[in-house]
Amino acid sequence: MTGVIRHLAAGVDRWLFRLRPGEPLPVELVQRRIFVLPTAAGLAFAATLLTLLIASINYSLSLGYAFTFLLAGAGASSIVHAFRNLLGLRLRPTAAEPCFAGEPLRVTLAVENPAHRPRPALRATLGGGIATPFTIPPAETVYLMVARPTERRGRFPLGRLTVETTYPLGLIRAWSLATPDFQAWVYPAPEADPPPLPTLPSPGPGTPSGRFGHEDFSGFRAHRPTDSPRHVAWKIYAREGPLVIKEFAGGEGGELALRWSDLPAALDLEGRLARLTAWVCEADRLSRPFCLALPGLEIPTDLGPAHTRRCLEALAAFRA
Amino acid sequence: MDTAARHTLLQGQQAWLWVSAATTLAPHGPYLPPWLGVTLLVLMAAQAWRLWRLALPPPRWFVALLAVAAIAGVLATYRHFFGKDPGVALLAVLLVLKLIEARNPRDGLAAVLLALFLQTSQFLNGQSLAIGALALVGALLALGTLANLQVVAPPRPTLRLAGALMLQGLPFMLVLFLLFPRVEGPLWGMPADAFSARSGLSDRMSPGAISELVRSDAIAFRAEFRGPPPPPHQRYWRGPVLHRFDGETWHPGPDQFLLQPNYQAEGPAFPYQLTLEPHQRTWLLAMDFPADGLPFARYTADYRLVTRQPLRTRQRFDLVAFPETSVGRELPADALAEFLQLPERGNPRTRALGRELRGRGNPEAILAAAMAEFRRSGLVYTLRPPLLTGDTVDGFLFDTRRGFCEHFASAFTFLLRTAGLPARVVTGYQGGEINPVNQILEVRQSDAHAWSEAWLPGRGWIRVDPTALAAPARTEGNLARALDPSDPIPFMWRSDGSWLRHLRHQWDALNNHWNQFVLGYTGERQLALLSRLGFDAPDWRNLAWLLVAGVGGLFGALLLWAHHRSPPKDPAARAWDLFCRRLARAGLPRLPWEGPLAYADRAALRWPDLAAEIRAIARDYTRLRYGAEVSTTGLKPLHRRIHRLKPK
C-alpha cells in the first residue's frame with residue numbers, strides 16, 4: 001500500500017513539479033517551478049473575509065464591502081510578493097560533508113540573489129530534514145547548511161531540495177522544489193563497540209619491534225596534498241622552511257591489515273562493513289597506516305585523510 | 001508556519017498587536033456599556049505597562065477567570081448574546097483577552113482577525129468619511145502586524161511594506177467594489193438593535209423632545225432641486241402629524257393609507273431628489289405637498305408620504321413638491337371631530353382664553369386673533385426652556401413664556417381647539433441650508449421643527465407656524481439669530497460668514513459625494529455603470545465576466561511587476577550592472593563569486609584591444625563604489641565609458 005502511494009507521489013513529483021533526477025547546476029527558480037498555496041493562516045484569513053463580506057451584504061454596508069475588498073486585494077498582492085521573493089534565486093550545492101549512515105547529511109548550499117532587492121524570510125529544507133531559515137541581501141550570495149537524515153550507506157543524489165517562504169504576511173506559502181545534480185557519500189554506520197584493532201602485525205619486513213618506540217620519530221619526507229596537518233613539521237615551516245612531514249616509526253604494531261577475510265564467519269555483510277568502518281576510523285584516529293582488503297578490491301597500505309576517505313567510500317559502495 | 005507557530009512573540013510584535021487592537025477598539029468605546037468600556041481600558045493599560053516593563057504575562061487561569069467574568073457581565077447587561085451590541089461587546093472582550101494571553105504568532109493571527117471583525121462592526125455605527133479613514137488605518141495596522149509576525153523589522157519598513165500591499169490591493173478593491181454583484185440585503189433578519197445608534201424625529205411629541213434633537217448637528221437629509229429651490233418660508237418637510245393630546249404628549253392619529261393623494265396639486269412645481277439618512281421609520285419627510293403617482297411610497301390622509309419598509313439605509317427618492325397646493329377644502333364634519341379633541345381637564349387659563357377667542361365667531365377672525373395673541377404676548381424662543389409640569393400649556397403661555405418650537409406648536413394648537421377651531425400639530429423639519437459648494441440643500445437634525453395646522457371652512461388646512469410669530473428669524477433659516485441671546489450657541493453652529501462656515505460647507509459637500517457615490521452605490525447604479533460602459537442589457541453575468549477579467553488583468557499586471565528587474569539603487573552599481581550585462585551579451589558573463597577587478601582581468605584577456613578601457617572601468621567603479629571618499633563627480637565619465645564600450 002505504502003509502495004503504491006510512494007509510486008504515485010513520485011509520479012506527481014515528475015508530472016506536477018517537473019522533477020528530474022539530477023538537474024544541472026545552478027538551479028534557477030523560474031516562474032514555472034514556483035508554486036503558491038495558502039497556509040492555514042491564509043485559509044483562516046480568507047474565511048474571515050468571507051464572513052465579513054456576508055455581513056456587509058446583509059447589513060448593506062458599503063464600507064464593509066470596501067474594507068473586505070481592500071484586505072482581499074492586499075492578500076492577493078501578497079501572493080505575488082511571496083512568488084517574487086523566490087523568483088530568480090539560483091541554488092547550487094557546493095559541498096556535502098560525508099557522513100555515516102544514521103547521522104544527518106550536511107550539505108552547503110549557495111543561494112544567489114541576482115536581483116537588487118533583499119529576499120527576506122526564506123527557508124531551505126533537504127529531504128525530510130529540518131528547515132534552515134535564511135535571508136539574502138540585495139545582489140548577494142549566501143552559503144547555508146541544510147541537513148537531512150540518512151539511513152543507508154552508499155552514494156546518493158541529494159534528493160529533493162525545497163526552498164520556501166511565507167513572506168510577506170504568512171498567508172501564502174510559495175515554494176520550489178529542485179533535485180540538483182549532486183552526489184554525496186554516506187558511509188556505513190561504524191560498529192558501536194568494535195573489538196580492538198587486529199593485533200597480529202602484518203609480517204612486513206623491516207618493521208622494528210615497536211614495543212618501545214611508540215611514535216618514535218624516524219625522519220622527514222616531502223609533503224603530499226593528502227597528508228594530515230597533524231604530521232606537518234610546523235616548526236620548520238615557521239622558520240620559512242619547506243613543508244615537510246614528520247615520519248614516525250613504531251607505534252603499536254605499525255602497519256595494520258584490515259581484511260574482510262579475517263573477520264569471523266558469523267558476521268553478516270553489513271556487520272562486516274560496520275566493523276571494518278569502525279576499524280578504519282580507529283586506525284585513522286591513531287594515525288596508523290593500514291591496508292584494506294575487500295573481496296575484489298585491495299587498497300594498499302597508506303595513511304592520511306585521502307586514504308581513509310578512499311577506504312570509507314569503498315566500504316560505502318561495496319556490493320557483495 | 002508550524003515552526004513559526006512555536007516561537008514566542010517578541011515585545012515589538014506584541015506592541016504591534018496592541019496598537020492595532022487599540023485603534024479598532026477605541027471608536028467602539030462610546031457604544032460599549034460603561035462598566036465594560038472602563039474594564040477594557042484598564043486591561044489595555046495593564047497590557048501596555050506589561051509590554052513596556054517586559055513583565056511576565058498573567059497566569060492562564062487568571063485570563064480564563066477574566067473571560068468568564070466578562071462574558072457573564074455581558075450576559076447580565078443584555079440578557080442575551082444575539083444582536084449587534086452584545087456581539088460587539090463579546091468581540092471586544094475576546095480581542096483584549098487574546099492580546100493578554102497571546103504567546104505565539106498563531107495567537108497573534110487570531111487577534112488580528114478579531115480586530116478585523118470589530119473594524120467591520122464599526123460600520124454599523126456609521127459609515128462617515130472619518131470612519132472610513134479610520135478603517136484604512138486599521139487595515140494598514142492589521143497588515144503591518146501580520147507582516148511583523150513574519151519578519152521582525154522596525155516600524156518604518158514594516159509600515160512601508162504594509163502600505164505597498166495596500167496600494168497594490170487598492171485596484172483590486174476598486175474593481176471588486178464596482179463589479180461585485182450587489183445583493184440587496186438583508187439575507188436574513190437583522191437584530192433589532194443593528195442600527196440603534198442613529199437618531200431622528202420621534203412619532204410623538206412632549207415638551208423637550210425636539211429641543212433635545214436640535215442639539216445634534218447631524219444631517220437628516222439632503223435635497224437637490226432640479227431648478228431654483230423654493231424660498232425658505234415654504235421649506236416645510238412633513239414628518240409625523242399629531243392628532244391627540246393627553247395634556248402632556250401629542251400622539252399621532254391612526255394611519256389611513258391612500259393610493260393617490262386626496263388633493264389636487266396646484267401652483268409652481270419643485271422637482272427634487274431627496275437623499276434620506278436612515279432613521280428606522282417609514283416616514284419619508286417629503287416637502288409639502290408631494291405630487292401624485294409615486295410608486296415607491298404610500299400617501300396618508302394627513303398628507304404624509306410613507307415607505308413600505310423602515311428606512312434602514314440611506315436612500316434616494318425623486319419627488320416633486322407643490323407648496324402652494326390647498327388641501328382639505330371639503331372635509332366632512334365628522335372627519336374634523338378628532339381635531340377638536342382636548343383632555344378632560346387641565347390648563348384652565350388657556351381654556352378661558354380660548355372661550356374668549358371663540359366669541360369672535362368667524363373662524364378666520366378667531367385664527368387671526370390667536371395669532372395676534374402669540375405675536376403680542378412676548379414669548380421667548382429658547383433652547384433652554386424651563387421645566388414645566390402639570391398644566392404645561394398654561395405654564396408656557398402665562399408663566400415662563402419661554403419655550404422651543406414644540407411648546408409653541410402645542411400651546412397654539414391647544415388654544416385653537418379650545419376656541420373651537422379644528423387644529424393639529426405637525427412635526428418635521430423646516431428650512432435647511434443651501435451648500436454653496438454643490439448647491440444642495442442640507443437639512444440637519446437641528447432643523448427639526450413643529451408647527452400647527454388649522455382648518456378653515458372653504459380654505460381647508462392652513463399652516464400656521466407659531467414659532468415664527470414670536471421669532472420670525474427662525475423660518476428664515478437662522479436659528480442662531482432667532483434664539484434668545486442668552487442661549488449658548490454650540491460651536492460650529494451656523495455662525496455667519498466665517499471661514500469655519502466655508503470649511504464646513506466644503507466638508508459637507510465632500511460628505512455628500514461620499515454618500516452618493518460610495519455609500520449609495522447599489523445594484524441599480526452598478527447596472528447603470530455597465531450600460532454606460534456599452535452593455536445593452538446588462539445583468540449579473542456581464543458583471544461576473546467583467547469582474548473575472550478585471551481581477552485577472554490586475555493579477556497579470558502584478559506578475560509583470562514581479563518579473564521586472566529593478567535596477568540597483570546606487571548609481572555606481574547601476575553603471576556596473578550595465579557593464580556586466582554588456583559583456584554577458586558579448587559572451588562573457590560575470591561569475592557570481594567574481595569581484596570587479598578579477599572580472600575585468602578575465603575580460604581583458606578576452607578582448608585585448610579593449611583591455612585598458614575595461615580595466616579603467618573596473619577601477620573607476622571600485623573607487624566610486626567602495627572608495628573612502630564619497631563623490632559623484634566620476635559617475636558621468638564612468639557612464640560614458642561604459643556606453644562607448646562595444647565588445648564583439
# chains A, B, ... in the order shown; residues from 1 in each chain; ligands from 1
>>> residues_around(residues="Leu273 in chain A", least_positions_apart="2", cutoff="12 Å", atoms="only C-alpha atoms", output="VMD selection string")
chain A and resid 100 to 101 153 to 154 187 to 191 194 258 to 261 263 267 to 271 275 to 280 292 to 295 311 to 320
>>> write_last_selection(atoms="N, CA and C atoms", output="compact mmCIF listing (two decimals), in the first residue's frame")
# COMPACT_ATOMS: atom_id res chain seq x y z
N PHE A 100 28.19 9.26 8.24
CA PHE A 100 27.92 7.85 8.46
C PHE A 100 26.42 7.65 8.50
N ALA A 101 25.97 6.50 7.98
CA ALA A 101 24.53 6.24 7.92
C ALA A 101 23.93 6.44 9.30
N ARG A 153 23.90 3.19 3.68
CA ARG A 153 25.19 3.61 3.13
C ARG A 153 25.08 3.69 1.62
N GLY A 154 26.02 4.37 1.02
CA GLY A 154 26.05 4.43 -0.45
C GLY A 154 26.37 5.83 -0.94
N TYR A 187 28.68 6.90 4.47
CA TYR A 187 29.49 5.74 4.85
C TYR A 187 28.65 4.80 5.70
N PRO A 188 29.07 3.53 5.74
CA PRO A 188 28.34 2.61 6.63
C PRO A 188 28.45 3.09 8.07
N ALA A 189 27.43 2.82 8.84
CA ALA A 189 27.50 3.19 10.25
C ALA A 189 28.54 2.32 10.93
N PRO A 190 29.48 2.92 11.64
CA PRO A 190 30.51 2.09 12.30
C PRO A 190 29.90 1.27 13.42
N GLU A 191 30.51 0.10 13.66
CA GLU A 191 30.02 -0.74 14.74
C GLU A 191 30.16 0.02 16.05
N PRO A 194 33.29 -1.88 18.71
CA PRO A 194 34.03 -2.88 17.94
C PRO A 194 35.13 -3.51 18.78
N LEU A 258 43.49 -4.60 7.43
CA LEU A 258 42.07 -4.76 7.73
C LEU A 258 41.50 -5.58 6.59
N ARG A 259 41.21 -6.85 6.90
CA ARG A 259 40.82 -7.75 5.83
C ARG A 259 39.43 -8.31 6.08
N TRP A 260 38.64 -8.27 5.04
CA TRP A 260 37.31 -8.90 5.02
C TRP A 260 37.43 -10.37 5.41
N SER A 261 38.41 -10.99 4.85
CA SER A 261 38.51 -12.45 5.02
C SER A 261 38.90 -12.83 6.45
N LEU A 263 37.61 -11.60 9.11
CA LEU A 263 36.51 -11.38 10.04
C LEU A 263 35.82 -12.69 10.35
N LEU A 267 29.59 -13.04 11.14
CA LEU A 267 29.14 -11.68 10.81
C LEU A 267 28.51 -11.64 9.43
N ASP A 268 27.39 -10.92 9.32
CA ASP A 268 26.75 -10.76 8.01
C ASP A 268 27.42 -9.62 7.26
N LEU A 269 26.92 -9.34 6.08
CA LEU A 269 27.55 -8.35 5.21
C LEU A 269 27.65 -6.98 5.87
N GLU A 270 26.50 -6.48 6.36
CA GLU A 270 26.52 -5.13 6.93
C GLU A 270 27.32 -5.09 8.21
N GLY A 271 27.27 -6.21 8.96
CA GLY A 271 28.04 -6.28 10.19
C GLY A 271 29.53 -6.19 9.89
N ARG A 275 32.06 -3.23 11.08
CA ARG A 275 33.30 -3.41 11.86
C ARG A 275 34.49 -2.81 11.13
N LEU A 276 34.57 -3.07 9.81
CA LEU A 276 35.69 -2.52 9.05
C LEU A 276 35.69 -0.99 9.11
N THR A 277 34.47 -0.41 9.03
CA THR A 277 34.37 1.05 9.10
C THR A 277 34.89 1.54 10.44
N ALA A 278 34.47 0.85 11.50
CA ALA A 278 34.91 1.27 12.83
C ALA A 278 36.43 1.20 12.92
N TRP A 279 37.00 0.13 12.38
CA TRP A 279 38.47 -0.04 12.44
C TRP A 279 39.19 1.02 11.61
N VAL A 280 38.65 1.30 10.42
CA VAL A 280 39.29 2.34 9.60
C VAL A 280 39.32 3.65 10.37
N LEU A 292 43.38 -2.06 3.27
CA LEU A 292 42.03 -2.59 3.36
C LEU A 292 41.84 -3.60 2.25
N ALA A 293 41.37 -4.78 2.61
CA ALA A 293 41.17 -5.82 1.59
C ALA A 293 39.72 -6.27 1.63
N LEU A 294 39.05 -6.01 0.56
CA LEU A 294 37.66 -6.46 0.41
C LEU A 294 37.64 -7.46 -0.73
N PRO A 295 36.58 -8.29 -0.80
CA PRO A 295 36.50 -9.19 -1.95
C PRO A 295 36.51 -8.39 -3.24
N CYS A 311 39.07 4.49 1.50
CA CYS A 311 38.64 3.22 2.11
C CYS A 311 37.17 3.28 2.51
N LEU A 312 36.77 4.41 3.12
CA LEU A 312 35.38 4.52 3.57
C LEU A 312 34.43 4.51 2.38
N GLU A 313 34.83 5.16 1.29
CA GLU A 313 33.99 5.16 0.09
C GLU A 313 33.86 3.76 -0.49
N ALA A 314 34.97 3.01 -0.43
CA ALA A 314 34.91 1.64 -0.93
C ALA A 314 33.94 0.81 -0.09
N LEU A 315 33.99 1.06 1.24
CA LEU A 315 33.08 0.34 2.14
C LEU A 315 31.63 0.75 1.87
N ALA A 316 31.43 2.06 1.60
CA ALA A 316 30.07 2.55 1.36
C ALA A 316 29.50 1.95 0.08
N ALA A 317 30.35 1.82 -0.92
CA ALA A 317 29.86 1.39 -2.23
C ALA A 317 29.86 -0.13 -2.38
N PHE A 318 30.35 -0.84 -1.37
CA PHE A 318 30.60 -2.27 -1.53
C PHE A 318 29.33 -3.06 -1.85
N ARG A 319 29.44 -3.88 -2.84
CA ARG A 319 28.35 -4.82 -3.15
C ARG A 319 28.93 -6.23 -3.13
N ALA A 320 28.33 -7.13 -2.45
CA ALA A 320 28.84 -8.50 -2.35
C ALA A 320 28.71 -9.22 -3.69
>>> select_by_dssp(residues="range 85-312 of chain A", states="helix (DSSP H, G or I)", output="number ranges by chain")
A: 85-86, 229-231, 234-238, 260-262, 269-285, 305-312
>>> residues_around(residues="range 78-95 of chain A", least_positions_apart="3", cutoff="6 Å", atoms="only C-alpha atoms", output="VMD selection string")
(chain A and resid 25 to 30 75 107 to 113 119 167 172 174) or (chain B and resid 562)
>>> closest_atom_pairs(of="chain A", to="chain B", cutoff="8 Å", atoms="only C-alpha atoms", output="Markdown table")
| residue | atom | partner | partner_atom | distance |
| --- | --- | --- | --- | --- |
| A:Thr39 | CA | B:Met1 | CA | 7.4 |
| A:Ala40 | CA | B:Met1 | CA | 8.0 |
| A:Ala41 | CA | B:Leu109 | CA | 7.3 |
| A:Phe45 | CA | B:Leu113 | CA | 6.9 |
| A:Thr48 | CA | B:Leu113 | CA | 6.8 |
| A:Leu52 | CA | B:Phe117 | CA | 6.9 |
| A:Ile57 | CA | B:Gly185 | CA | 5.6 |
| A:Asn58 | CA | B:Pro186 | CA | 4.1 |
| A:Tyr59 | CA | B:Pro186 | CA | 5.9 |
| A:Ser60 | CA | B:Gly185 | CA | 5.8 |
| A:Leu61 | CA | B:Phe123 | CA | 6.8 |
| A:Ser62 | CA | B:Leu519 | CA | 5.1 |
| A:Leu63 | CA | B:Gln127 | CA | 6.4 |
| A:Gly64 | CA | B:Thr120 | CA | 5.8 |
| A:Tyr65 | CA | B:Phe177 | CA | 6.7 |
| A:Ala66 | CA | B:Phe177 | CA | 6.1 |
| A:Phe67 | CA | B:Ala135 | CA | 7.2 |
| A:Phe69 | CA | B:Met173 | CA | 4.7 |
| A:Leu70 | CA | B:Met173 | CA | 4.7 |
| A:Leu71 | CA | B:Gly169 | CA | 7.0 |
| A:Ala72 | CA | B:Gly169 | CA | 7.2 |
| A:Gly73 | CA | B:Gly169 | CA | 3.7 |
| A:Ala74 | CA | B:Gly169 | CA | 4.2 |
| A:Gly75 | CA | B:Gly169 | CA | 7.5 |
| A:Ala76 | CA | B:Gly169 | CA | 7.2 |
| A:Ser77 | CA | B:Gln168 | CA | 6.1 |
| A:Ser78 | CA | B:Leu165 | CA | 6.7 |
| A:Val80 | CA | B:Leu559 | CA | 6.5 |
| A:His81 | CA | B:Ala562 | CA | 7.4 |
| A:Phe83 | CA | B:Ala562 | CA | 7.9 |
| A:Arg84 | CA | B:Ala562 | CA | 5.3 |
| A:Leu87 | CA | B:His563 | CA | 7.8 |
| A:Glu112 | CA | B:Pro592 | CA | 7.6 |
| A:Ala115 | CA | B:Arg565 | CA | 6.6 |
| A:His116 | CA | B:Pro568 | CA | 5.1 |
| A:Arg117 | CA | B:Pro568 | CA | 7.9 |
| A:Pro120 | CA | B:Val151 | CA | 7.4 |
| A:Ala121 | CA | B:Val151 | CA | 6.4 |
| A:Thr141 | CA | B:Pro592 | CA | 7.7 |
| A:Thr166 | CA | B:Gln150 | CA | 7.4 |
| A:Tyr167 | CA | B:Gln150 | CA | 6.4 |
| A:Pro168 | CA | B:Ala147 | CA | 5.5 |
| A:Leu169 | CA | B:Ala147 | CA | 4.6 |
| A:Gly170 | CA | B:Gln150 | CA | 6.1 |
>>> residues_around(residues="Leu177 in chain A", least_positions_apart="4", cutoff="7 Å", atoms="only C-alpha atoms", output="list in words")
Arg160, Leu161, Thr162 and Val163 of chain A
>>> write_last_selection(atoms="N, CA and C atoms", output="CSV table (one decimal), in the first residue's frame")
chain,number,residue,atom,x,y,z
A,160,ARG,N,15.5,15.7,-2.7
A,160,ARG,CA,14.6,16.9,-3.0
A,160,ARG,C,15.0,18.1,-2.1
A,161,LEU,N,15.3,19.2,-2.8
A,161,LEU,CA,15.6,20.4,-2.0
A,161,LEU,C,14.4,21.3,-2.2
A,162,THR,N,13.9,21.8,-1.0
A,162,THR,CA,12.8,22.7,-1.0
A,162,THR,C,13.2,24.1,-0.5
A,163,VAL,N,12.9,25.1,-1.3
A,163,VAL,CA,13.1,26.5,-0.8
A,163,VAL,C,11.7,27.1,-0.7
>>> residues_around(residues="Ala454 in chain B", least_positions_apart="5", cutoff="12 Å", atoms="only C-alpha atoms", output="VMD selection string")
chain B and resid 243 327 to 329 336 339 to 340 363 to 364 366 to 368 370 to 371 409 412 to 417 419 to 426 459 to 466
>>> write_last_selection(atoms="C-alpha atoms", output="PDB file, in the first residue's frame")
ATOM      1  CA  HIS B 243     -53.777  64.427  16.393  1.00  0.00           C
ATOM      2  CA  VAL B 327     -55.536  70.834   0.936  1.00  0.00           C
ATOM      3  CA  GLY B 328     -58.579  69.520   2.767  1.00  0.00           C
ATOM      4  CA  ARG B 329     -61.086  72.029   1.482  1.00  0.00           C
ATOM      5  CA  LEU B 336     -62.878  67.079  11.762  1.00  0.00           C
ATOM      6  CA  PHE B 339     -59.023  67.634  15.630  1.00  0.00           C
ATOM      7  CA  LEU B 340     -61.122  69.255  18.345  1.00  0.00           C
ATOM      8  CA  PRO B 363     -63.198  81.120  12.193  1.00  0.00           C
ATOM      9  CA  GLU B 364     -60.857  83.371  10.208  1.00  0.00           C
ATOM     10  CA  ILE B 366     -60.557  83.526  15.621  1.00  0.00           C
ATOM     11  CA  LEU B 367     -57.362  82.380  13.913  1.00  0.00           C
ATOM     12  CA  ALA B 368     -56.203  85.964  13.357  1.00  0.00           C
ATOM     13  CA  ALA B 370     -54.968  83.744  18.220  1.00  0.00           C
ATOM     14  CA  MET B 371     -52.007  84.665  16.012  1.00  0.00           C
ATOM     15  CA  ALA B 409     -46.936  74.405  18.435  1.00  0.00           C
ATOM     16  CA  PHE B 412     -51.097  77.218  19.763  1.00  0.00           C
ATOM     17  CA  THR B 413     -52.910  74.062  18.681  1.00  0.00           C
ATOM     18  CA  PHE B 414     -54.382  73.663  22.139  1.00  0.00           C
ATOM     19  CA  LEU B 415     -55.565  77.254  22.083  1.00  0.00           C
ATOM     20  CA  LEU B 416     -57.235  76.862  18.663  1.00  0.00           C
ATOM     21  CA  ARG B 417     -59.016  73.711  19.798  1.00  0.00           C
ATOM     22  CA  ALA B 419     -61.587  78.205  20.589  1.00  0.00           C
ATOM     23  CA  GLY B 420     -63.462  75.572  18.553  1.00  0.00           C
ATOM     24  CA  LEU B 421     -61.195  75.541  15.542  1.00  0.00           C
ATOM     25  CA  PRO B 422     -60.014  72.127  14.237  1.00  0.00           C
ATOM     26  CA  ALA B 423     -56.212  72.067  14.583  1.00  0.00           C
ATOM     27  CA  ARG B 424     -53.310  69.667  14.810  1.00  0.00           C
ATOM     28  CA  VAL B 425     -49.565  69.585  15.369  1.00  0.00           C
ATOM     29  CA  VAL B 426     -47.239  68.722  12.502  1.00  0.00           C
ATOM     30  CA  ARG B 459     -59.930  77.077   2.698  1.00  0.00           C
ATOM     31  CA  GLY B 460     -59.030  73.738   4.191  1.00  0.00           C
ATOM     32  CA  TRP B 461     -55.890  73.168   6.251  1.00  0.00           C
ATOM     33  CA  ILE B 462     -53.794  76.286   6.782  1.00  0.00           C
ATOM     34  CA  ARG B 463     -50.230  76.020   8.053  1.00  0.00           C
ATOM     35  CA  VAL B 464     -49.503  78.345  10.971  1.00  0.00           C
ATOM     36  CA  ASP B 465     -46.029  78.423  12.434  1.00  0.00           C
ATOM     37  CA  PRO B 466     -46.496  79.853  15.929  1.00  0.00           C
TER      38      PRO B 466
END
>>> residues_around(residues="Trp237 in chain B", least_positions_apart="3", cutoff="10 Å", atoms="only C-alpha atoms", output="ChimeraX atom specification")
/B:234,284-289,304,426-432,443,447-449
>>> select_by_dssp(residues="range 438-585 of chain B", states="strand (DSSP E or B)", output="list in words")
Ile440, Leu441, Glu442, Val443, Arg444, Ala448, His449, Ala450, Trp451, Ser452, Glu453, Ala454, Trp455, Leu456, Gly460, Trp461, Ile462, Arg463 and Val464 of chain B
>>> residues_around(residues="range 265-278 of chain B", least_positions_apart="6", cutoff="10 Å", atoms="only C-alpha atoms", output="JSON, numbers by chain")
{"B": [195, 198, 199, 200, 218, 219, 220, 221, 222, 223, 224, 225, 226, 227, 228, 229, 230, 284, 285, 286, 287, 289, 290, 291, 292, 310, 311, 312, 313, 314, 315, 316, 317, 318, 319, 320, 321, 322, 323, 324, 325, 326, 327, 440, 441, 442, 443, 512, 515, 516, 520]}
